[in-house]
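Raw upload-v3.txt, compact mmCIF, C-alpha atoms:
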# COMPACT_ATOMS: atom_id res chain seq x y z
CA MET A 1 -41.66 10.01 -31.64
CA GLY A 2 -38.41 11.25 -30.10
CA GLY A 3 -35.63 8.89 -29.11
CA VAL A 4 -34.99 7.95 -25.50
CA SER A 5 -32.20 10.03 -23.98
CA GLN A 6 -29.28 8.08 -22.58
CA PRO A 7 -27.99 8.47 -19.01
CA ASP A 8 -24.99 10.76 -18.72
CA GLU A 9 -22.69 7.94 -17.62
CA ILE A 10 -23.50 6.03 -20.83
CA ARG A 11 -23.35 9.06 -23.08
CA THR A 12 -19.90 10.13 -21.87
CA THR A 13 -18.25 6.68 -21.90
CA THR A 14 -15.25 6.28 -24.20
CA VAL A 15 -13.57 3.02 -25.23
CA LYS A 16 -9.82 2.73 -25.88
CA ASP A 17 -7.57 -0.21 -26.79
CA VAL A 18 -4.04 -0.66 -25.41
CA ASP A 19 -1.69 -3.58 -24.88
CA VAL A 20 -1.16 -2.99 -21.14
CA VAL A 21 -3.01 -1.08 -18.43
CA VAL A 22 -0.97 -0.32 -15.31
CA ILE A 23 -3.17 0.55 -12.33
CA GLY A 24 -1.40 2.77 -9.82
CA ALA A 25 1.55 5.18 -10.07
CA GLY A 26 3.42 4.51 -6.86
CA GLN A 27 6.88 2.93 -6.81
CA ALA A 28 5.70 -0.35 -8.34
CA GLY A 29 3.60 1.28 -11.07
CA LEU A 30 6.38 3.65 -12.08
CA SER A 31 8.82 0.75 -12.20
CA ALA A 32 6.47 -1.13 -14.54
CA GLY A 33 6.15 1.96 -16.74
CA TYR A 34 9.93 2.34 -16.92
CA HIS A 35 10.44 -1.26 -18.01
CA LEU A 36 7.62 -1.07 -20.55
CA ARG A 37 9.37 1.94 -22.11
CA ARG A 38 12.70 0.07 -22.13
CA ARG A 39 10.97 -2.79 -23.94
CA GLY A 40 9.96 -0.40 -26.71
CA PHE A 41 6.37 0.30 -25.75
CA ASP A 42 5.33 3.81 -26.68
CA THR A 43 2.61 5.96 -25.16
CA SER A 44 -0.05 4.48 -27.43
CA ASP A 45 0.79 0.92 -26.32
CA PHE A 46 0.15 1.29 -22.60
CA VAL A 47 -1.34 3.61 -20.02
CA ILE A 48 -0.85 4.16 -16.28
CA LEU A 49 -4.07 5.01 -14.45
CA ASP A 50 -3.62 6.78 -11.11
CA SER A 51 -6.31 7.72 -8.59
CA GLU A 52 -4.18 10.45 -7.01
CA ASP A 53 -4.42 14.13 -7.99
CA ALA A 54 -0.64 14.39 -8.36
CA ALA A 55 2.55 12.33 -8.30
CA GLY A 56 3.76 10.58 -5.17
CA GLY A 57 1.39 7.70 -4.50
CA ALA A 58 0.82 6.96 -0.82
CA TRP A 59 3.78 9.15 0.16
CA ARG A 60 1.57 12.20 -0.42
CA HIS A 61 -0.48 11.20 2.62
CA ARG A 62 2.20 10.28 5.15
CA TRP A 63 2.30 12.25 8.37
CA HIS A 64 4.43 15.37 8.17
CA SER A 65 6.70 14.31 11.03
CA LEU A 66 7.98 11.34 9.03
CA ARG A 67 11.38 12.65 8.00
CA MET A 68 13.79 11.26 5.45
CA ALA A 69 16.25 10.55 8.27
CA THR A 70 13.81 8.15 9.96
CA VAL A 71 11.84 6.68 7.09
CA ASN A 72 12.71 3.08 6.22
CA GLY A 73 15.15 2.67 3.34
CA ILE A 74 13.67 3.99 0.11
CA TYR A 75 15.29 2.56 -2.99
CA ASP A 76 15.83 4.67 -6.08
CA LEU A 77 13.35 4.30 -8.90
CA PRO A 78 14.92 2.39 -11.81
CA GLY A 79 17.10 4.52 -14.03
CA MET A 80 17.11 7.67 -11.87
CA GLN A 81 18.63 8.39 -8.48
CA LYS A 82 16.85 10.36 -5.80
CA PRO A 83 17.92 14.01 -5.81
CA PRO A 84 19.80 15.37 -2.78
CA PHE A 85 17.59 16.04 0.24
CA ALA A 86 17.98 17.29 3.80
CA PRO A 87 17.62 14.50 6.39
CA LEU A 88 14.93 16.47 8.25
CA GLU A 89 12.79 17.11 5.17
CA PRO A 90 9.37 15.43 5.38
CA ALA A 91 9.09 12.30 3.24
CA ALA A 92 5.67 13.57 2.14
CA GLU A 93 7.44 16.42 0.33
CA VAL A 94 10.67 14.81 -0.90
CA LEU A 95 9.26 11.65 -2.47
CA PRO A 96 6.30 13.16 -4.35
CA ARG A 97 8.73 15.73 -5.78
CA TYR A 98 11.07 12.92 -6.84
CA PHE A 99 8.22 10.90 -8.37
CA ALA A 100 7.01 13.93 -10.36
CA GLU A 101 10.50 14.53 -11.77
CA TYR A 102 10.76 10.85 -12.62
CA GLU A 103 7.44 10.80 -14.48
CA ARG A 104 8.56 13.73 -16.61
CA ALA A 105 12.01 12.35 -17.29
CA GLN A 106 10.72 8.93 -18.33
CA GLN A 107 7.81 10.39 -20.32
CA LEU A 108 5.33 8.01 -18.77
CA PRO A 109 1.71 8.07 -20.06
CA ILE A 110 -0.04 8.69 -16.75
CA ILE A 111 -3.66 9.75 -16.54
CA ARG A 112 -4.99 11.13 -13.24
CA PRO A 113 -7.14 11.32 -11.33
CA VAL A 114 -8.79 8.13 -12.53
CA THR A 115 -10.69 5.68 -10.33
CA VAL A 116 -10.70 2.08 -11.55
CA SER A 117 -14.05 0.61 -10.60
CA SER A 118 -13.62 -2.90 -12.00
CA VAL A 119 -11.59 -5.23 -14.17
CA ARG A 120 -13.42 -8.02 -16.00
CA ARG A 121 -12.94 -10.42 -18.87
CA ALA A 122 -14.32 -9.27 -22.21
CA ASP A 123 -15.35 -12.86 -23.05
CA LYS A 124 -14.49 -16.47 -22.23
CA ASP A 125 -11.41 -16.52 -24.45
CA PRO A 126 -8.40 -17.00 -22.10
CA GLY A 127 -6.27 -15.16 -24.65
CA GLY A 128 -8.79 -12.39 -25.18
CA ARG A 129 -9.08 -8.90 -23.81
CA LEU A 130 -9.64 -7.63 -20.31
CA VAL A 131 -11.91 -4.63 -19.76
CA VAL A 132 -10.87 -1.98 -17.24
CA GLU A 133 -13.78 0.22 -16.23
CA THR A 134 -12.93 3.67 -14.88
CA ARG A 135 -14.49 6.85 -13.63
CA VAL A 136 -12.90 10.02 -14.96
CA PRO A 137 -13.98 13.50 -13.81
CA ASP A 138 -15.39 15.63 -16.64
CA ALA A 139 -17.27 18.91 -16.79
CA ASP A 140 -20.33 17.21 -15.32
CA GLY A 141 -18.38 15.10 -12.86
CA ASN A 142 -19.66 11.80 -14.26
CA GLY A 143 -17.38 10.78 -17.12
CA SER A 144 -16.24 7.20 -17.59
CA ALA A 145 -13.95 5.22 -19.84
CA LEU A 146 -13.42 1.59 -20.79
CA TRP A 147 -9.91 0.37 -21.53
CA ARG A 148 -9.73 -2.86 -23.52
CA THR A 149 -6.35 -4.40 -22.84
CA ARG A 150 -4.36 -7.57 -23.34
CA ALA A 151 -2.84 -7.43 -19.86
CA VAL A 152 -3.17 -5.63 -16.52
CA ILE A 153 -0.34 -4.81 -14.13
CA ASN A 154 -1.97 -3.98 -10.82
CA ALA A 155 0.10 -1.72 -8.57
CA THR A 156 -2.53 -0.28 -6.23
CA GLY A 157 -0.66 -0.97 -2.99
CA THR A 158 -2.40 -0.94 0.38
CA TRP A 159 -2.69 2.66 1.63
CA THR A 160 -6.37 3.01 0.67
CA LYS A 161 -7.29 -0.17 2.61
CA PRO A 162 -6.46 0.45 6.29
CA PHE A 163 -7.26 -2.56 8.45
CA TRP A 164 -9.58 -1.93 11.42
CA PRO A 165 -9.77 -5.02 13.63
CA SER A 166 -13.07 -5.91 15.23
CA TYR A 167 -13.01 -5.83 19.02
CA PRO A 168 -15.82 -6.24 21.55
CA GLY A 169 -17.24 -2.86 22.53
CA ARG A 170 -15.50 -1.00 19.73
CA PHE A 171 -18.60 1.05 18.98
CA ASP A 172 -19.28 1.70 22.67
CA PHE A 173 -16.04 3.64 23.10
CA THR A 174 -16.84 7.37 23.32
CA GLY A 175 -13.28 8.62 22.88
CA ARG A 176 -11.54 9.14 19.57
CA GLN A 177 -10.42 6.28 17.34
CA LEU A 178 -8.18 6.72 14.32
CA HIS A 179 -5.99 4.62 12.06
CA VAL A 180 -2.39 5.56 11.28
CA ALA A 181 -3.62 6.47 7.77
CA GLN A 182 -5.44 9.39 9.44
CA TYR A 183 -2.59 10.49 11.70
CA VAL A 184 -1.39 14.09 11.36
CA SER A 185 0.74 15.00 14.38
CA ALA A 186 1.26 14.22 18.06
CA GLN A 187 0.31 17.74 19.16
CA GLU A 188 -3.40 17.09 18.72
CA PHE A 189 -3.23 14.51 21.55
CA ALA A 190 -1.52 16.70 24.15
CA GLY A 191 -3.11 16.14 27.56
CA LEU A 192 -4.92 12.96 26.47
CA HIS A 193 -4.04 9.35 27.25
CA VAL A 194 -3.37 7.54 23.99
CA ALA A 195 -3.45 3.77 23.50
CA VAL A 196 -1.43 2.65 20.47
CA VAL A 197 -2.40 -0.77 19.10
CA GLY A 198 -0.04 -2.65 16.80
CA GLY A 199 3.39 -4.25 16.67
CA GLY A 200 4.91 -2.82 13.49
CA ILE A 201 7.27 -0.01 12.60
CA SER A 202 4.55 2.63 12.37
CA ALA A 203 3.26 1.69 15.82
CA VAL A 204 6.59 2.15 17.60
CA GLN A 205 7.57 5.27 15.67
CA LEU A 206 4.28 7.01 16.47
CA LEU A 207 4.29 5.70 20.03
CA ASP A 208 7.69 7.30 20.53
CA GLU A 209 6.54 10.57 18.96
CA ILE A 210 3.26 10.82 20.88
CA SER A 211 4.92 9.89 24.19
CA LEU A 212 6.93 13.10 24.01
CA VAL A 213 3.78 15.21 24.44
CA THR A 214 1.43 13.04 26.51
CA THR A 215 0.96 9.69 28.27
CA THR A 216 0.66 6.48 26.28
CA SER A 217 0.01 2.74 26.53
CA TRP A 218 1.12 0.16 23.99
CA PHE A 219 -0.86 -2.98 23.12
CA THR A 220 0.11 -5.84 20.81
CA ARG A 221 -1.25 -9.34 20.20
CA ARG A 222 2.22 -10.87 20.35
CA GLU A 223 5.48 -9.95 22.01
CA PRO A 224 7.46 -7.96 19.39
CA ILE A 225 10.76 -9.32 18.13
CA TRP A 226 13.54 -6.75 18.45
CA ARG A 227 16.84 -6.89 16.60
CA ASP A 228 20.05 -5.06 17.42
CA ALA A 229 21.29 -4.50 13.87
CA GLU A 230 20.05 -3.92 10.37
CA PHE A 231 19.42 -7.02 8.32
CA ASP A 232 22.12 -7.90 5.85
CA SER A 233 21.19 -8.77 2.29
CA ARG A 234 20.96 -12.49 3.09
CA ALA A 235 18.58 -11.99 6.00
CA GLY A 236 16.45 -9.66 3.91
CA HIS A 237 16.33 -12.21 1.09
CA ASP A 238 15.24 -14.95 3.51
CA ALA A 239 12.50 -12.76 4.99
CA VAL A 240 11.08 -11.93 1.56
CA ALA A 241 11.24 -15.62 0.62
CA LEU A 242 9.02 -16.51 3.58
CA VAL A 243 6.39 -14.00 2.49
CA GLU A 244 6.70 -15.16 -1.12
CA SER A 245 6.07 -18.77 -0.16
CA ARG A 246 2.72 -17.80 1.33
CA VAL A 247 1.43 -16.05 -1.78
CA ARG A 248 2.73 -18.85 -4.00
CA GLU A 249 0.53 -21.21 -1.98
CA GLY A 250 -2.45 -18.89 -2.32
CA LEU A 251 -2.44 -17.73 1.32
CA PRO A 252 -3.10 -14.10 2.29
CA PRO A 253 0.26 -12.28 2.37
CA GLN A 254 1.96 -11.25 5.58
CA SER A 255 3.95 -8.06 5.83
CA VAL A 256 7.71 -8.37 5.51
CA VAL A 257 8.13 -6.67 8.91
CA SER A 258 6.14 -9.47 10.54
CA VAL A 259 9.06 -11.69 9.55
CA THR A 260 11.95 -9.26 10.00
CA GLY A 261 11.00 -7.87 13.40
CA LEU A 262 11.74 -4.37 14.72
CA ILE A 263 15.16 -2.71 14.57
CA TRP A 264 16.47 -0.76 17.53
CA THR A 265 17.24 2.89 16.75
CA PRO A 266 18.67 5.50 19.12
CA SER A 267 15.28 7.18 19.50
CA LEU A 268 13.55 3.88 20.24
CA ARG A 269 16.18 2.95 22.80
CA ALA A 270 15.52 6.31 24.47
CA ALA A 271 11.80 5.55 24.40
CA ALA A 272 12.45 2.19 26.02
CA GLU A 273 14.42 3.87 28.80
CA ARG A 274 11.41 6.15 29.42
CA GLY A 275 9.20 3.06 29.75
CA VAL A 276 7.25 3.88 26.60
CA LEU A 277 7.88 0.46 25.05
CA ASP A 278 6.53 -1.53 28.00
CA ARG A 279 4.15 -3.58 25.89
CA GLN A 280 0.78 -4.76 27.23
CA PRO A 281 -1.12 -7.80 25.94
CA MET A 282 -4.26 -6.91 23.99
CA PHE A 283 -7.19 -5.65 26.01
CA THR A 284 -10.24 -7.92 26.12
CA ARG A 285 -12.86 -5.31 25.31
CA MET A 286 -13.46 -1.61 24.82
CA GLU A 287 -15.73 0.32 27.16
CA PRO A 288 -17.15 3.86 26.88
CA THR A 289 -14.20 5.56 28.59
CA GLY A 290 -11.39 3.05 28.26
CA VAL A 291 -10.39 -0.58 27.86
CA ARG A 292 -10.60 -3.71 29.97
CA MET A 293 -7.08 -5.06 30.38
CA ALA A 294 -6.11 -8.71 30.00
CA ASP A 295 -5.79 -9.03 33.80
CA GLY A 296 -9.31 -7.68 34.30
CA THR A 297 -8.37 -4.18 35.44
CA PHE A 298 -9.73 -1.06 33.74
CA LEU A 299 -7.58 1.54 31.98
CA ALA A 300 -9.01 4.97 31.19
CA VAL A 301 -8.18 5.94 27.60
CA ASP A 302 -9.02 9.08 25.59
CA VAL A 303 -7.69 8.04 22.17
CA ILE A 304 -7.07 4.69 20.48
CA LEU A 305 -4.63 4.79 17.57
CA TRP A 306 -4.91 1.65 15.46
CA ALA A 307 -1.51 0.91 13.91
CA THR A 308 -2.85 -2.36 12.61
CA GLY A 309 -1.63 -2.27 9.06
CA PHE A 310 -3.28 -2.36 5.67
CA ARG A 311 -4.71 -4.87 3.25
CA PRO A 312 -4.09 -5.05 -0.52
CA ALA A 313 -6.40 -2.69 -2.44
CA LEU A 314 -7.83 -5.24 -4.86
CA ASP A 315 -11.61 -4.71 -4.71
CA HIS A 316 -11.71 -3.65 -8.37
CA LEU A 317 -10.41 -7.11 -9.35
CA ALA A 318 -13.39 -8.87 -7.72
CA PRO A 319 -15.18 -9.61 -11.05
CA LEU A 320 -12.22 -11.82 -12.02
CA LYS A 321 -12.80 -14.06 -8.96
CA LEU A 322 -9.10 -14.45 -8.24
CA ARG A 323 -9.34 -15.27 -4.53
CA ASN A 324 -9.42 -18.85 -3.27
CA HIS A 325 -11.21 -20.38 -0.28
CA SER A 326 -8.41 -19.14 2.01
CA GLY A 327 -8.97 -15.54 0.94
CA GLY A 328 -5.61 -15.39 -0.82
CA ILE A 329 -4.58 -15.34 -4.46
CA GLU A 330 -2.31 -18.09 -5.74
CA MET A 331 0.64 -16.49 -7.47
CA ASP A 332 3.26 -17.59 -9.97
CA GLY A 333 5.90 -14.91 -9.46
CA THR A 334 4.08 -11.65 -10.15
CA ALA A 335 1.41 -13.37 -12.28
CA VAL A 336 -1.89 -14.62 -10.90
CA ALA A 337 -1.63 -18.37 -11.40
CA ALA A 338 -5.21 -18.73 -12.63
CA GLU A 339 -5.17 -15.55 -14.72
CA PRO A 340 -1.71 -14.87 -16.24
CA ARG A 341 -3.00 -11.76 -17.99
CA VAL A 342 -3.05 -10.12 -14.55
CA HIS A 343 0.13 -9.34 -12.59
CA LEU A 344 0.15 -8.07 -9.01
CA ILE A 345 3.14 -5.94 -8.03
CA GLY A 346 3.67 -4.22 -4.72
CA TYR A 347 1.80 -7.25 -3.34
CA GLY A 348 3.10 -9.64 -0.71
CA PRO A 349 6.89 -9.99 -1.05
CA SER A 350 7.11 -7.00 -3.42
CA ALA A 351 5.46 -4.58 -0.96
CA SER A 352 8.85 -3.04 -0.10
CA THR A 353 10.37 -0.39 -2.35
CA VAL A 354 13.18 -2.63 -3.59
CA GLY A 355 10.68 -5.44 -4.08
CA ALA A 356 8.39 -3.13 -6.05
CA ASN A 357 11.23 -2.21 -8.41
CA ARG A 358 12.07 -5.84 -9.08
CA ALA A 359 8.43 -6.82 -9.45
CA GLY A 360 7.87 -4.14 -12.08
CA ARG A 361 10.73 -5.55 -14.13
CA GLU A 362 9.58 -9.15 -13.67
CA ALA A 363 5.98 -8.41 -14.62
CA VAL A 364 6.98 -6.66 -17.83
CA THR A 365 9.45 -9.42 -18.75
CA ARG A 366 6.86 -12.14 -18.15
CA LEU A 367 4.10 -10.35 -20.05
CA THR A 368 6.24 -9.63 -23.08
CA GLN A 369 7.27 -13.29 -23.24
CA THR A 370 3.95 -15.01 -22.52
CA ILE A 371 1.08 -12.68 -23.45
CA LEU A 372 2.36 -9.94 -25.72
CA HIS A 373 5.05 -11.97 -27.55
CA ARG A 374 7.37 -9.02 -28.00
CA PRO A 375 11.18 -9.28 -27.91

Could you show the structure in this file as structure tokens?
Amino acid sequence: MGGVSQPDEIRTTTVKDVDVVVIGAGQAGLSAGYHLRRRGFDTSDFVILDSEDAAGGAWRHRWHSLRMATVNGIYDLPGMQKPPFAPLEPAAEVLPRYFAEYERAQQLPIIRPVTVSSVRRADKDPGGRLVVETRVPDADGNGSALWRTRAVINATGTWTKPFWPSYPGRFDFTGRQLHVAQYVSAQEFAGLHVAVVGGGISAVQLLDEISLVTTTSWFTRREPIWRDAEFDSRAGHDAVALVESRVREGLPPQSVVSVTGLIWTPSLRAAAERGVLDRQPMFTRMEPTGVRMADGTFLAVDVILWATGFRPALDHLAPLKLRNHSGGIEMDGTAVAAEPRVHLIGYGPSASTVGANRAGREAVTRLTQTILHRP
């Protein structure tokens, strides 16, 4: 009697052992890879798994009108300065090019495209292995791999988890709705009235841009805080510390910009003079052809652009049950307090580019001292 054939996903699964699995190859993941190499790890000791088709992380998907002259400060990756660039070059071209050069120069063991489906404990031993389950395209499109590892550095960021708030009548609205993650250019909205929802940097930058080609309205839950000058290093440190205190207590992280406020730029001052930044309180509900304003009046709207931020992309860590009753994860620096084999970088206070660099270094230092016991 013939044997029972195995499903393709079982037949094509491979199992590999490494000391560290880094998930994500954005700024934080590359920083972790750099510091692992500096600590003497070679390409058989760790791996970086990236879901993207090429280098660049979330920068590959930013709207083309986001230029290097207007993008928020991007810190150099550790050990290699950004190459010269023209101020009007799109960030979506400059930074992926820089990341690709960096990966080659640092000889980082990156595998892509790889989708991490879950991370779980191999057994009940708190000093044992973690199992990272992945999906890897093969000739049949259904390959998979298991990585058994002593530690995980998670650097998956937020770009793949856009936040869509729930509002009454949201599914009754017959116009177009999109999140900033889907934004391409202002030209597609010419002749349409666009409502921009959100109080962050992306909201005001896109509001300014779209207002140059059509009419707009701006809605936020709270009155934005505007500042006349860039933060100095002390103010930046204090802002990050406030975000860090939340994650240390196990509360869901807030964005750093929610603490720092919005900085006036010449283009935004010009937008304010045009009346573009006359903020409205949030509408009370959405209707088929518009929104019901807070004062009860109706505003006809063709497009609603949700600039409502992102959430950490951590679904693959669900089997570890890291979240508490508040929905947050209690942290000890970059380490998960309840699971020190797992470090989260680019999370909470390290969501900025400078924070991501520092977090990569801290995670590697902590792991080598506490889990891997390497000098």

Just give me the gap between atom CA of A:Ala338 and atom CA of A:Val21 in Å, one decimal is fine.
->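 Atom-to-atom, atom CA of A:Ala338 and atom CA of A:Val21 are spaced 18.7 Å apart.
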
What separation in Å, quoted to one decimal, exists between atom CA of A:Gln81 and atom CA of A:Gly40?
->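 Rounded to one decimal, the two atoms are 22.0 Å apart.
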
Among listed residues A:Trp306, A:Arg269, A:Leu88, A:Gly56, nearest A:Val71 (using all atoms listed in the file) = A:Leu88

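Minimum atom-to-atom distances from A:Val47, A:Ala28, A:Ile110, A:Val301 to A:Phe283 were compared using only C-alpha atoms, and the lowest value belongs to A:Val301.
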
In file coordinates, which residues lie within 8 Å of (-3.6, 4.2, 1.8) using only C-alpha atoms, given as a PyMOL selection string?
-> chain A and resi 58+61+157-162+181+310

At what distance in Å, to one decimal, does atom CA of A:Val276 lie from atom CA of A:Gly261?
->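 So the two atoms, atom CA of A:Gly261 and atom CA of A:Val276, lie 18.1 Å apart.
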
Which of these residues is nearest to A:Tyr167, using all atoms listed in the file: A:Asp45, A:Arg358, A:Arg285, A:Arg67?
->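 Among the listed residues, the smallest separation from A:Tyr167 belongs to A:Arg285.
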
Which one of A:Ser326, A:Gln107, A:Gln177, A:Thr334 sits closest to A:Thr289 if you count all atoms listed in the file?
->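 The shortest atom-to-atom distance to A:Thr289 comes from A:Gln177.
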
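Nearest to A:Ala203 of all the residues A:Leu299, A:Ile304, A:Met293, A:Val116 is A:Ile304, based on only C-alpha atoms.
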
Mind checking which residues fall within 10 Å of A:Val180, counting all atoms listed in the file, ignoring those fewer than 2 positions away in the same chain, and posting them as a ChimeraX atom specification?
-> /A:62-63,162-163,178,182-184,196,202-203,206,305-310

A:Asn154 proximity check over A:Arg361, A:Arg60, A:Arg323, A:His316, using all atoms listed in the file: winner is A:His316

Residues within 10 Å of stretch 266-268 of chain A, only C-alpha atoms, excluding chain neighbours under 2 positions, as a compact mmCIF listing (two decimals) with C-alpha atoms, in the coordinates of the input:
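Output saved as around.txt:
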# COMPACT_ATOMS: atom_id res chain seq x y z
CA THR A 70 13.81 8.15 9.96
CA VAL A 204 6.59 2.15 17.60
CA GLN A 205 7.57 5.27 15.67
CA LEU A 207 4.29 5.70 20.03
CA ASP A 208 7.69 7.30 20.53
CA GLU A 209 6.54 10.57 18.96
CA ILE A 263 15.16 -2.71 14.57
CA TRP A 264 16.47 -0.76 17.53
CA ALA A 270 15.52 6.31 24.47
CA ALA A 271 11.80 5.55 24.40
CA ALA A 272 12.45 2.19 26.02
CA GLU A 273 14.42 3.87 28.80
CA ARG A 274 11.41 6.15 29.42
CA VAL A 276 7.25 3.88 26.60
CA LEU A 277 7.88 0.46 25.05

Per residue of stretch 150-186 of chain A within 8 Å of stretch 342-348 of chain A, what are the shortest atom pair and its distance in Å to one decimal, counting only C-alpha atoms, with rows by chain and residue number, as CSV?
residue,atom,partner,partner_atom,distance
A:Ala151,CA,A:Val342,CA,6.0
A:Val152,CA,A:Val342,CA,4.9
A:Ile153,CA,A:His343,CA,4.8
A:Asn154,CA,A:Leu344,CA,4.9
A:Ala155,CA,A:Ile345,CA,5.2
A:Thr156,CA,A:Gly346,CA,7.5
A:Gly157,CA,A:Gly346,CA,5.7

Add whatever atoms are absent from stretch 213-226 of chain A to reach N, CA and C atoms, and provide the output as a JSON list (two decimals), in the coordinates of the input.
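Below is the file that was written, result_2.json:
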[["chain", "number", "residue", "atom", "x", "y", "z"],
["A", 213, "VAL", "N", 4.71, 14.12, 24.11],
["A", 213, "VAL", "CA", 3.78, 15.21, 24.44],
["A", 213, "VAL", "C", 2.66, 14.79, 25.38],
["A", 214, "THR", "N", 2.52, 13.49, 25.64],
["A", 214, "THR", "CA", 1.43, 13.04, 26.51],
["A", 214, "THR", "C", 1.71, 11.62, 26.98],
["A", 215, "THR", "N", 0.79, 11.05, 27.76],
["A", 215, "THR", "CA", 0.96, 9.69, 28.27],
["A", 215, "THR", "C", 0.41, 8.68, 27.26],
["A", 216, "THR", "N", 1.03, 7.49, 27.26],
["A", 216, "THR", "CA", 0.66, 6.48, 26.28],
["A", 216, "THR", "C", 0.64, 5.09, 26.91],
["A", 217, "SER", "N", -0.05, 4.18, 26.23],
["A", 217, "SER", "CA", 0.01, 2.74, 26.53],
["A", 217, "SER", "C", 0.15, 2.02, 25.21],
["A", 218, "TRP", "N", 0.86, 0.90, 25.22],
["A", 218, "TRP", "CA", 1.12, 0.16, 23.99],
["A", 218, "TRP", "C", 0.58, -1.26, 24.12],
["A", 219, "PHE", "N", -0.23, -1.66, 23.13],
["A", 219, "PHE", "CA", -0.86, -2.98, 23.12],
["A", 219, "PHE", "C", -0.51, -3.72, 21.83],
["A", 220, "THR", "N", -0.11, -4.99, 21.98],
["A", 220, "THR", "CA", 0.11, -5.84, 20.81],
["A", 220, "THR", "C", -0.44, -7.23, 21.10],
["A", 221, "ARG", "N", -0.77, -7.97, 20.04],
["A", 221, "ARG", "CA", -1.25, -9.34, 20.20],
["A", 221, "ARG", "C", -0.12, -10.28, 20.60],
["A", 222, "ARG", "N", 1.07, -10.01, 20.06],
["A", 222, "ARG", "CA", 2.22, -10.87, 20.35],
["A", 222, "ARG", "C", 3.38, -10.01, 20.85],
["A", 223, "GLU", "N", 4.27, -10.64, 21.56],
["A", 223, "GLU", "CA", 5.48, -9.95, 22.01],
["A", 223, "GLU", "C", 6.31, -9.60, 20.78],
["A", 224, "PRO", "N", 6.65, -8.33, 20.57],
["A", 224, "PRO", "CA", 7.46, -7.96, 19.39],
["A", 224, "PRO", "C", 8.85, -8.58, 19.43],
["A", 225, "ILE", "N", 9.38, -8.83, 18.25],
["A", 225, "ILE", "CA", 10.76, -9.32, 18.13],
["A", 225, "ILE", "C", 11.65, -8.13, 17.79],
["A", 226, "TRP", "N", 12.62, -7.87, 18.65],
["A", 226, "TRP", "CA", 13.54, -6.75, 18.45],
["A", 226, "TRP", "C", 14.89, -7.29, 17.97]]
